[in-house]
Amino acid sequence: MSLAEELLVQARFLASLDPHNPVQANLRRAVSSAYYGVFHLFSAEVAAQFISSGPSGLRKRTQRAMNHNSMYRAAESFSQPGTRPRNLPMDIDLAGPIYAALISIAKGFELLQDERHTADYDVSRSFDRIEVLALVKTAEDIFTDWSQEKRSGNASVFLASLMFWQLWNK
Amino acid sequence: MHGLNFDPFVGQQVLARGYRGVYKIVSVRSPNLTAVPEGWKPNDMGAEGGRTVDLRGVASDSFVQSVPWAWLDYVDETGPVWHAIEWLKENPVVPFPDYVLDYQVEARDDHQGNPSFYVRFFVEPDDQPSAEKIKELNRFLDSVSTLLLSLGLDRWPYVQVSEKQSLLNVAS
């Protein structure tokens with residue numbers, strides 16, 4: 001099982017603990033794990049796309065170079081309805097329209113990142129189980145949708161965008 | 001999105017020209033001008049053809065009757081989101097689950113500092129929600145988020161869910 005999958009399983013486990021009186025720490029860690037599951041899913045996919053061969057450690061170093069903010073910006077752009085993501089350089093030809101599954105993946109990523117931030121830092125917010133289970137399900141849906149969408153023509157553009165979004169227009 | 005409009009609706013919080021403070025709309029009048037009611041007098045219609053609201057003060061409980069729509073301002077930027085969700089209630093892409101009790105809309109920045117709308121639906125407490133229920137809930141939340149994105153608003157829409165009870169816990 002990959003690290004990304006382990007984190008997803010951990011998220012579901014933590015969200016389901018304490019049947020009648022869920023503990024805030026577990027719910028918050030569940031949200032965080034759900035986000036990081038998705039983060040590592042895409043980090044690994046990006047690294048695999050760019051480093052198909054090479055010395056040991058290169059792919060892991062590439063994963064380490066992923067940037068939350070850049071990924072967020074790319075996801076925001078792919079979430080928008082329309083024929084092509086806003087601010088995607090015009091010289092990048094898309095294989096076709098952005099499918100609903102990829103839009104849903106991007107929207108889910110953005111939501112999870114924002115919730116992860118709240119879960120880890122904002123003690124004024126209280127989480128409850130239904131909210132956390134909904135977020136874990138969002139992460140699980142991203143895994144499922146990606147297993148199909150990764151074969152689409154626009155998947156490589158999405159992955160490259162996650163890595164390079166803030167560098168496209170230098 | 002046929003029929004989506006930005007008419008005022010009951011429960012909406014507004015400012016009214018000439019009145020101090022925040023008011024909540026308690027009734028909306030939008031007479032059908034093609035059908036003049038019995039006993040109608042010209043003055044009944046007002047400057048806007050009778051399109052008025054009645055208001056109750058949020059803090060003061062004062063009551064103001066027959067305020068023309070044109071005198072109303074949204075309390076904040078959340079107005080279009082409220083309208084869209086109210087429209088969605090009547091024109092659901094995915095049915096509103098019956099355990100959704102209420103919702104709130106807040107305009108603030110997200111963790112990246114981007115202007116955002118936070119729409120939070122409150123549902124009945126449930127210790128052990130089924131997988132099917134969570135799936136249905138996410139489908140519903142996604143339909144709301146898709147609608148809001150299609151409006152091209154200046155703020156990014158985050159759509160969330162909470163148990164109604166957790167609000168009470170925070171308040172107590």
# chains A, B, ... in the order shown; residues from 1 in each chain; ligands from 1
$ interface_residues --of "chain B" --to "chain A" --cutoff "9 Å" --atoms "only C-alpha atoms" --output "ChimeraX atom specification"
/B:110-112,123,125-129,131,134-135,137-138,142,145-146,149-150,152,156,158-163,166-167,169-170
$ write_last_selection --atoms "C-alpha atoms" --output "PDB file, in the first residue's frame"
ATOM      1  CA  ASP B 110      -9.580  31.365   2.861  1.00  0.00           C
ATOM      2  CA  HIS B 111      -6.270  30.052   4.206  1.00  0.00           C
ATOM      3  CA  GLN B 112      -4.454  31.352   1.121  1.00  0.00           C
ATOM      4  CA  VAL B 123     -27.911  18.775   9.316  1.00  0.00           C
ATOM      5  CA  PRO B 125     -27.084  15.185  14.418  1.00  0.00           C
ATOM      6  CA  ASP B 126     -26.228  11.593  13.580  1.00  0.00           C
ATOM      7  CA  ASP B 127     -23.623   9.615  15.536  1.00  0.00           C
ATOM      8  CA  GLN B 128     -23.234   6.926  12.914  1.00  0.00           C
ATOM      9  CA  PRO B 129     -24.168   8.254   9.490  1.00  0.00           C
ATOM     10  CA  ALA B 131     -21.951   5.463   3.908  1.00  0.00           C
ATOM     11  CA  ILE B 134     -22.454  10.598   3.351  1.00  0.00           C
ATOM     12  CA  LYS B 135     -22.437   9.816  -0.355  1.00  0.00           C
ATOM     13  CA  LEU B 137     -24.657  14.490   1.228  1.00  0.00           C
ATOM     14  CA  ASN B 138     -21.494  14.942  -0.822  1.00  0.00           C
ATOM     15  CA  ASP B 142     -21.150  19.193  -4.938  1.00  0.00           C
ATOM     16  CA  SER B 145     -20.689  24.167  -5.345  1.00  0.00           C
ATOM     17  CA  THR B 146     -21.117  23.557  -9.073  1.00  0.00           C
ATOM     18  CA  LEU B 149     -19.000  28.220  -9.529  1.00  0.00           C
ATOM     19  CA  SER B 150     -21.142  28.605 -12.636  1.00  0.00           C
ATOM     20  CA  GLY B 152     -18.677  33.365 -11.824  1.00  0.00           C
ATOM     21  CA  TRP B 156     -14.414  31.214  -4.316  1.00  0.00           C
ATOM     22  CA  TYR B 158     -16.465  26.506  -0.236  1.00  0.00           C
ATOM     23  CA  VAL B 159     -19.449  24.309   0.590  1.00  0.00           C
ATOM     24  CA  GLN B 160     -19.389  22.476   3.901  1.00  0.00           C
ATOM     25  CA  VAL B 161     -21.615  20.594   6.284  1.00  0.00           C
ATOM     26  CA  SER B 162     -21.977  20.465  10.076  1.00  0.00           C
ATOM     27  CA  GLU B 163     -24.322  18.976  12.581  1.00  0.00           C
ATOM     28  CA  SER B 166     -22.150  21.483  17.118  1.00  0.00           C
ATOM     29  CA  LEU B 167     -23.254  25.077  16.794  1.00  0.00           C
ATOM     30  CA  ASN B 169     -21.932  23.323  21.724  1.00  0.00           C
ATOM     31  CA  VAL B 170     -19.791  26.202  20.571  1.00  0.00           C
TER      32      VAL B 170
END
$ residues_around --residues "B:Ser62" --least-positions-apart "3" --cutoff "12 Å" --atoms "only C-alpha atoms" --output "list in words"
Tyr19, Arg20, Gly21, Val22, Tyr23, Lys24, Ile25, Val26, Asp54, Leu55, Arg56, Gly57, Val58, Ala59 and Gln65 of chain B
$ write_last_selection --atoms "C-alpha atoms" --output "short mmCIF file (atom, residue, chain, number, x, y, z; two decimals), in the first residue's frame"
data_model
loop_
_atom_site.label_atom_id
_atom_site.label_comp_id
_atom_site.auth_asym_id
_atom_site.auth_seq_id
_atom_site.Cartn_x
_atom_site.Cartn_y
_atom_site.Cartn_z
CA TYR B 19 -33.62 53.12 8.34
CA ARG B 20 -30.88 52.48 10.84
CA GLY B 21 -29.56 48.99 11.53
CA VAL B 22 -29.87 45.56 9.99
CA TYR B 23 -33.29 44.14 9.17
CA LYS B 24 -34.58 40.72 8.28
CA ILE B 25 -37.22 40.41 5.57
CA VAL B 26 -40.42 38.94 6.99
CA ASP B 54 -41.85 44.10 5.35
CA LEU B 55 -38.87 44.16 7.66
CA ARG B 56 -38.13 43.36 11.27
CA GLY B 57 -35.02 44.73 12.96
CA VAL B 58 -32.43 42.12 13.86
CA ALA B 59 -31.26 43.92 16.99
CA GLN B 65 -43.86 47.88 6.46
#
$ select_by_dssp --residues "chain B" --states "helix (DSSP H, G or I)" --output "number ranges by chain"
B: 42-45, 69-71, 79-90, 131-150, 164-171
$ write_last_selection --atoms "N, CA and C atoms" --output "compact mmCIF listing (two decimals), in the first residue's frame"
# COMPACT_ATOMS: atom_id res chain seq x y z
N PRO B 42 -54.56 52.93 -6.60
CA PRO B 42 -53.25 53.26 -7.18
C PRO B 42 -52.16 53.37 -6.12
N ASN B 43 -52.47 53.96 -4.97
CA ASN B 43 -51.43 54.15 -3.96
C ASN B 43 -50.90 52.84 -3.38
N ASP B 44 -51.68 51.78 -3.57
CA ASP B 44 -51.23 50.48 -3.05
C ASP B 44 -49.96 50.01 -3.74
N MET B 45 -49.78 50.48 -4.97
CA MET B 45 -48.70 49.93 -5.77
C MET B 45 -47.34 50.54 -5.48
N TRP B 69 -38.43 47.56 -2.95
CA TRP B 69 -37.23 46.73 -3.19
C TRP B 69 -36.01 47.59 -3.48
N ALA B 70 -36.23 48.67 -4.18
CA ALA B 70 -35.10 49.51 -4.60
C ALA B 70 -34.38 50.15 -3.41
N TRP B 71 -35.02 50.14 -2.27
CA TRP B 71 -34.40 50.74 -1.09
C TRP B 71 -33.53 49.76 -0.33
N GLY B 79 -25.32 38.05 -0.66
CA GLY B 79 -26.65 38.05 -1.26
C GLY B 79 -26.82 37.10 -2.44
N PRO B 80 -25.96 37.19 -3.45
CA PRO B 80 -26.15 36.30 -4.61
C PRO B 80 -26.08 34.82 -4.26
N VAL B 81 -25.31 34.49 -3.23
CA VAL B 81 -25.20 33.07 -2.83
C VAL B 81 -26.51 32.62 -2.20
N TRP B 82 -27.06 33.46 -1.33
CA TRP B 82 -28.37 33.13 -0.74
C TRP B 82 -29.40 32.92 -1.85
N HIS B 83 -29.40 33.83 -2.79
CA HIS B 83 -30.38 33.72 -3.89
C HIS B 83 -30.20 32.42 -4.65
N ALA B 84 -28.96 32.10 -4.93
CA ALA B 84 -28.70 30.88 -5.72
C ALA B 84 -29.17 29.64 -4.95
N ILE B 85 -28.93 29.62 -3.65
CA ILE B 85 -29.33 28.43 -2.87
C ILE B 85 -30.85 28.36 -2.75
N GLU B 86 -31.48 29.51 -2.57
CA GLU B 86 -32.94 29.51 -2.51
C GLU B 86 -33.53 29.03 -3.85
N TRP B 87 -32.88 29.46 -4.94
CA TRP B 87 -33.33 29.01 -6.27
C TRP B 87 -33.16 27.49 -6.40
N LEU B 88 -32.03 27.02 -5.86
CA LEU B 88 -31.73 25.59 -5.96
C LEU B 88 -32.75 24.75 -5.18
N LYS B 89 -33.28 25.34 -4.10
CA LYS B 89 -34.32 24.62 -3.34
C LYS B 89 -35.53 24.33 -4.23
N GLU B 90 -35.85 25.29 -5.08
CA GLU B 90 -37.02 25.14 -5.97
C GLU B 90 -36.67 24.36 -7.23
N ALA B 131 -22.75 5.11 5.08
CA ALA B 131 -21.95 5.46 3.91
C ALA B 131 -22.84 6.06 2.83
N GLU B 132 -24.06 5.51 2.71
CA GLU B 132 -24.98 6.00 1.69
C GLU B 132 -25.38 7.45 1.97
N LYS B 133 -25.56 7.74 3.26
CA LYS B 133 -25.95 9.11 3.62
C LYS B 133 -24.83 10.10 3.31
N ILE B 134 -23.60 9.72 3.62
CA ILE B 134 -22.45 10.60 3.35
C ILE B 134 -22.31 10.80 1.84
N LYS B 135 -22.54 9.73 1.10
CA LYS B 135 -22.44 9.82 -0.36
C LYS B 135 -23.49 10.79 -0.90
N GLU B 136 -24.71 10.64 -0.40
CA GLU B 136 -25.80 11.52 -0.83
C GLU B 136 -25.50 12.98 -0.46
N LEU B 137 -24.98 13.15 0.74
CA LEU B 137 -24.66 14.49 1.23
C LEU B 137 -23.59 15.14 0.35
N ASN B 138 -22.56 14.39 0.02
CA ASN B 138 -21.49 14.94 -0.82
C ASN B 138 -21.99 15.28 -2.22
N ARG B 139 -22.90 14.44 -2.72
CA ARG B 139 -23.48 14.72 -4.03
C ARG B 139 -24.23 16.06 -4.00
N PHE B 140 -24.96 16.23 -2.90
CA PHE B 140 -25.72 17.47 -2.73
C PHE B 140 -24.78 18.68 -2.61
N LEU B 141 -23.76 18.56 -1.76
CA LEU B 141 -22.81 19.67 -1.57
C LEU B 141 -22.13 20.01 -2.89
N ASP B 142 -21.81 18.97 -3.66
CA ASP B 142 -21.15 19.19 -4.94
C ASP B 142 -22.07 19.93 -5.91
N SER B 143 -23.36 19.62 -5.85
CA SER B 143 -24.29 20.30 -6.76
C SER B 143 -24.38 21.78 -6.41
N VAL B 144 -24.30 22.09 -5.12
CA VAL B 144 -24.34 23.50 -4.70
C VAL B 144 -23.07 24.20 -5.18
N SER B 145 -21.95 23.55 -4.95
CA SER B 145 -20.69 24.17 -5.35
C SER B 145 -20.60 24.37 -6.86
N THR B 146 -21.12 23.42 -7.61
CA THR B 146 -21.12 23.56 -9.07
C THR B 146 -21.97 24.74 -9.51
N LEU B 147 -23.13 24.88 -8.89
CA LEU B 147 -24.00 26.02 -9.22
C LEU B 147 -23.30 27.33 -8.92
N LEU B 148 -22.70 27.42 -7.73
CA LEU B 148 -22.06 28.68 -7.33
C LEU B 148 -20.88 29.01 -8.24
N LEU B 149 -20.13 27.98 -8.61
CA LEU B 149 -19.00 28.22 -9.53
C LEU B 149 -19.49 28.73 -10.89
N SER B 150 -20.64 28.22 -11.32
CA SER B 150 -21.14 28.61 -12.64
C SER B 150 -21.59 30.07 -12.67
N LYS B 164 -26.13 20.35 13.31
CA LYS B 164 -26.75 21.51 13.96
C LYS B 164 -26.27 21.61 15.41
N GLN B 165 -26.13 20.46 16.06
CA GLN B 165 -25.77 20.41 17.48
C GLN B 165 -24.42 21.08 17.76
N SER B 166 -23.49 20.97 16.84
CA SER B 166 -22.15 21.48 17.12
C SER B 166 -22.16 23.00 17.26
N LEU B 167 -23.11 23.63 16.61
CA LEU B 167 -23.25 25.08 16.79
C LEU B 167 -23.65 25.38 18.23
N LEU B 168 -24.57 24.57 18.75
CA LEU B 168 -25.04 24.79 20.12
C LEU B 168 -23.90 24.58 21.10
N ASN B 169 -23.06 23.59 20.82
CA ASN B 169 -21.93 23.32 21.72
C ASN B 169 -20.98 24.51 21.78
N VAL B 170 -20.73 25.08 20.62
CA VAL B 170 -19.79 26.20 20.57
C VAL B 170 -20.37 27.39 21.31
N ALA B 171 -21.68 27.59 21.16
CA ALA B 171 -22.31 28.76 21.76
C ALA B 171 -22.42 28.63 23.28
$ residues_around --residues "stretch 29-36 of chain A" --least-positions-apart "4" --cutoff "6 Å" --atoms "only C-alpha atoms" --output "PyMOL selection string"
chain A and resi 7-8+11+14-15+40+112+116+136+139
$ residues_around --residues "A:Leu167" --least-positions-apart "6" --cutoff "12 Å" --atoms "only C-alpha atoms" --output "JSON, numbers by chain"
{"A": [67, 69, 70, 71, 73, 74, 87, 88, 89, 160, 161]}
$ atom_distance --atom1 "atom CA of B:Arg155" --atom2 "atom CA of B:Tyr74"
15.8 Å
$ select_by_dssp --residues "stretch 73-163 of chain B" --states "strand (DSSP E or B)" --output "PyMOL selection string"
chain B and resi 73-74+100-109+115-123+156-163
$ write_last_selection --atoms "N, CA and C atoms" --output "short mmCIF file (atom, residue, chain, number, x, y, z; two decimals), in the first residue's frame"
data_model
loop_
_atom_site.label_atom_id
_atom_site.label_comp_id
_atom_site.auth_asym_id
_atom_site.auth_seq_id
_atom_site.Cartn_x
_atom_site.Cartn_y
_atom_site.Cartn_z
N ASP B 73 -30.47 47.06 0.45
CA ASP B 73 -29.08 46.69 0.13
C ASP B 73 -28.75 45.42 0.89
N TYR B 74 -27.93 44.59 0.26
CA TYR B 74 -27.47 43.40 0.99
C TYR B 74 -26.59 43.83 2.16
N VAL B 100 -31.29 18.17 5.99
CA VAL B 100 -30.64 19.50 5.95
C VAL B 100 -31.62 20.49 6.58
N LEU B 101 -31.20 21.10 7.68
CA LEU B 101 -32.10 21.94 8.46
C LEU B 101 -31.98 23.42 8.10
N ASP B 102 -30.79 23.84 7.78
CA ASP B 102 -30.57 25.27 7.61
C ASP B 102 -29.21 25.45 6.93
N TYR B 103 -28.89 26.68 6.62
CA TYR B 103 -27.54 26.95 6.10
C TYR B 103 -27.13 28.37 6.44
N GLN B 104 -25.85 28.62 6.41
CA GLN B 104 -25.37 29.98 6.57
C GLN B 104 -24.33 30.27 5.50
N VAL B 105 -24.20 31.54 5.20
CA VAL B 105 -23.23 31.97 4.19
C VAL B 105 -22.36 33.05 4.80
N GLU B 106 -21.09 32.91 4.62
CA GLU B 106 -20.15 33.86 5.20
C GLU B 106 -19.15 34.27 4.11
N ALA B 107 -18.83 35.54 4.08
CA ALA B 107 -17.81 36.02 3.13
C ALA B 107 -16.54 36.33 3.93
N ARG B 108 -15.50 35.61 3.63
CA ARG B 108 -14.20 35.88 4.27
C ARG B 108 -13.10 35.28 3.40
N ASP B 109 -11.86 35.49 3.83
CA ASP B 109 -10.75 34.96 3.05
C ASP B 109 -10.46 33.52 3.46
N PRO B 115 -10.32 35.80 -1.45
CA PRO B 115 -11.71 36.10 -1.08
C PRO B 115 -12.60 34.88 -1.35
N SER B 116 -13.36 34.48 -0.37
CA SER B 116 -14.15 33.23 -0.50
C SER B 116 -15.52 33.39 0.13
N PHE B 117 -16.43 32.55 -0.32
CA PHE B 117 -17.71 32.36 0.36
C PHE B 117 -17.66 31.01 1.06
N TYR B 118 -18.09 30.98 2.30
CA TYR B 118 -18.23 29.70 3.01
C TYR B 118 -19.72 29.43 3.21
N VAL B 119 -20.19 28.42 2.55
CA VAL B 119 -21.59 28.01 2.71
C VAL B 119 -21.58 26.77 3.60
N ARG B 120 -22.26 26.85 4.71
CA ARG B 120 -22.28 25.70 5.63
C ARG B 120 -23.72 25.24 5.81
N PHE B 121 -23.98 24.00 5.43
CA PHE B 121 -25.31 23.41 5.64
C PHE B 121 -25.33 22.70 6.99
N PHE B 122 -26.40 22.92 7.74
CA PHE B 122 -26.54 22.27 9.04
C PHE B 122 -27.52 21.10 8.91
N VAL B 123 -27.08 19.98 9.42
CA VAL B 123 -27.91 18.77 9.32
C VAL B 123 -28.25 18.24 10.71
N TRP B 156 -14.41 32.65 -4.11
CA TRP B 156 -14.41 31.21 -4.32
C TRP B 156 -15.40 30.55 -3.35
N PRO B 157 -16.28 29.67 -3.84
CA PRO B 157 -17.25 29.05 -2.94
C PRO B 157 -16.75 27.76 -2.28
N TYR B 158 -16.71 27.74 -0.99
CA TYR B 158 -16.46 26.51 -0.24
C TYR B 158 -17.81 26.05 0.33
N VAL B 159 -18.15 24.81 0.11
CA VAL B 159 -19.45 24.31 0.59
C VAL B 159 -19.20 23.20 1.59
N GLN B 160 -19.71 23.38 2.80
CA GLN B 160 -19.39 22.48 3.90
C GLN B 160 -20.66 22.01 4.61
N VAL B 161 -20.47 21.12 5.53
CA VAL B 161 -21.61 20.59 6.28
C VAL B 161 -21.23 20.47 7.75
N SER B 162 -22.19 20.67 8.63
CA SER B 162 -21.98 20.47 10.08
C SER B 162 -23.27 19.97 10.69
N GLU B 163 -23.12 19.30 11.82
CA GLU B 163 -24.32 18.98 12.58
C GLU B 163 -24.84 20.24 13.24
#
$ residues_around --residues "A:Glu45" --least-positions-apart "2" --cutoff "12 Å" --atoms "only C-alpha atoms" --output "PyMOL selection string"
chain A and resi 2+4+38-43+47-52+59-60+62-63+66+143+146-147+150-151+155-160+162-163
$ write_last_selection --atoms "C-alpha atoms" --output "tab-separated table (two decimals), in the first residue's frame"
chain	number	residue	atom	x	y	z
A	2	SER	CA	1.37	3.45	-0.90
A	4	ALA	CA	-1.10	8.05	0.03
A	38	VAL	CA	-4.53	13.30	-1.72
A	39	PHE	CA	-1.42	15.47	-1.60
A	40	HIS	CA	0.86	12.43	-1.70
A	41	LEU	CA	-1.27	10.75	-4.36
A	42	PHE	CA	-0.62	13.64	-6.71
A	43	SER	CA	2.96	14.24	-5.59
A	47	ALA	CA	7.09	12.60	-9.91
A	48	ALA	CA	6.27	9.46	-11.89
A	49	GLN	CA	5.28	11.56	-14.89
A	50	PHE	CA	8.50	13.56	-14.95
A	51	ILE	CA	11.01	10.98	-13.70
A	52	SER	CA	10.48	7.78	-15.60
A	59	ARG	CA	11.74	10.66	-7.89
A	60	LYS	CA	11.44	11.14	-4.13
A	62	THR	CA	10.86	15.55	-7.02
A	63	GLN	CA	7.96	14.69	-4.74
A	66	MET	CA	5.89	19.90	-4.55
A	143	PHE	CA	-8.68	8.50	-5.47
A	146	TRP	CA	-8.23	9.76	-10.49
A	147	SER	CA	-7.82	6.04	-11.19
A	150	LYS	CA	-5.32	9.54	-15.09
A	151	ARG	CA	-5.79	7.85	-18.47
A	155	ALA	CA	-4.26	14.27	-16.95
A	156	SER	CA	-0.68	15.10	-17.88
A	157	VAL	CA	-1.55	18.80	-18.14
A	158	PHE	CA	-3.17	18.67	-14.73
A	159	LEU	CA	-0.14	16.98	-13.16
A	160	ALA	CA	2.29	19.41	-14.76
A	162	LEU	CA	0.26	21.05	-10.00
A	163	MET	CA	4.03	21.21	-10.17
$ atom_distance --atom1 "atom CA of A:Phe109" --atom2 "atom CA of A:Ala75"
6.7 Å
$ closest_residue --among "A:Ser152, A:Thr83, A:Ser56, A:Asn169" --to "A:Leu102" --atoms "only C-alpha atoms"
A:Ser152
$ residues_around --residues "B:Val53" --least-positions-apart "2" --cutoff "9 Å" --atoms "only C-alpha atoms" --output "list in words"
Pro8, Phe9, Val10, Ile25, Val26, Ser27, Val28, Arg29, Ser30, Arg51, Leu55, Val64, Gln65, Ser66, Val67, Pro68 and Trp69 of chain B
$ write_last_selection --atoms "C-alpha atoms" --output "short mmCIF file (atom, residue, chain, number, x, y, z; two decimals), in the first residue's frame"
data_model
loop_
_atom_site.label_atom_id
_atom_site.label_comp_id
_atom_site.auth_asym_id
_atom_site.auth_seq_id
_atom_site.Cartn_x
_atom_site.Cartn_y
_atom_site.Cartn_z
CA PRO B 8 -35.53 39.58 -2.08
CA PHE B 9 -36.74 36.63 -0.02
CA VAL B 10 -38.04 36.00 3.47
CA ILE B 25 -37.22 40.41 5.57
CA VAL B 26 -40.42 38.94 6.99
CA SER B 27 -42.62 39.18 3.92
CA VAL B 28 -42.21 39.93 0.23
CA ARG B 29 -44.83 41.41 -2.05
CA SER B 30 -44.48 41.14 -5.80
CA ARG B 51 -42.84 45.37 -5.10
CA LEU B 55 -38.87 44.16 7.66
CA VAL B 64 -41.14 48.43 9.02
CA GLN B 65 -43.86 47.88 6.46
CA SER B 66 -43.93 48.21 2.66
CA VAL B 67 -40.34 49.12 1.92
CA PRO B 68 -39.72 49.26 -1.86
CA TRP B 69 -37.23 46.73 -3.19
#
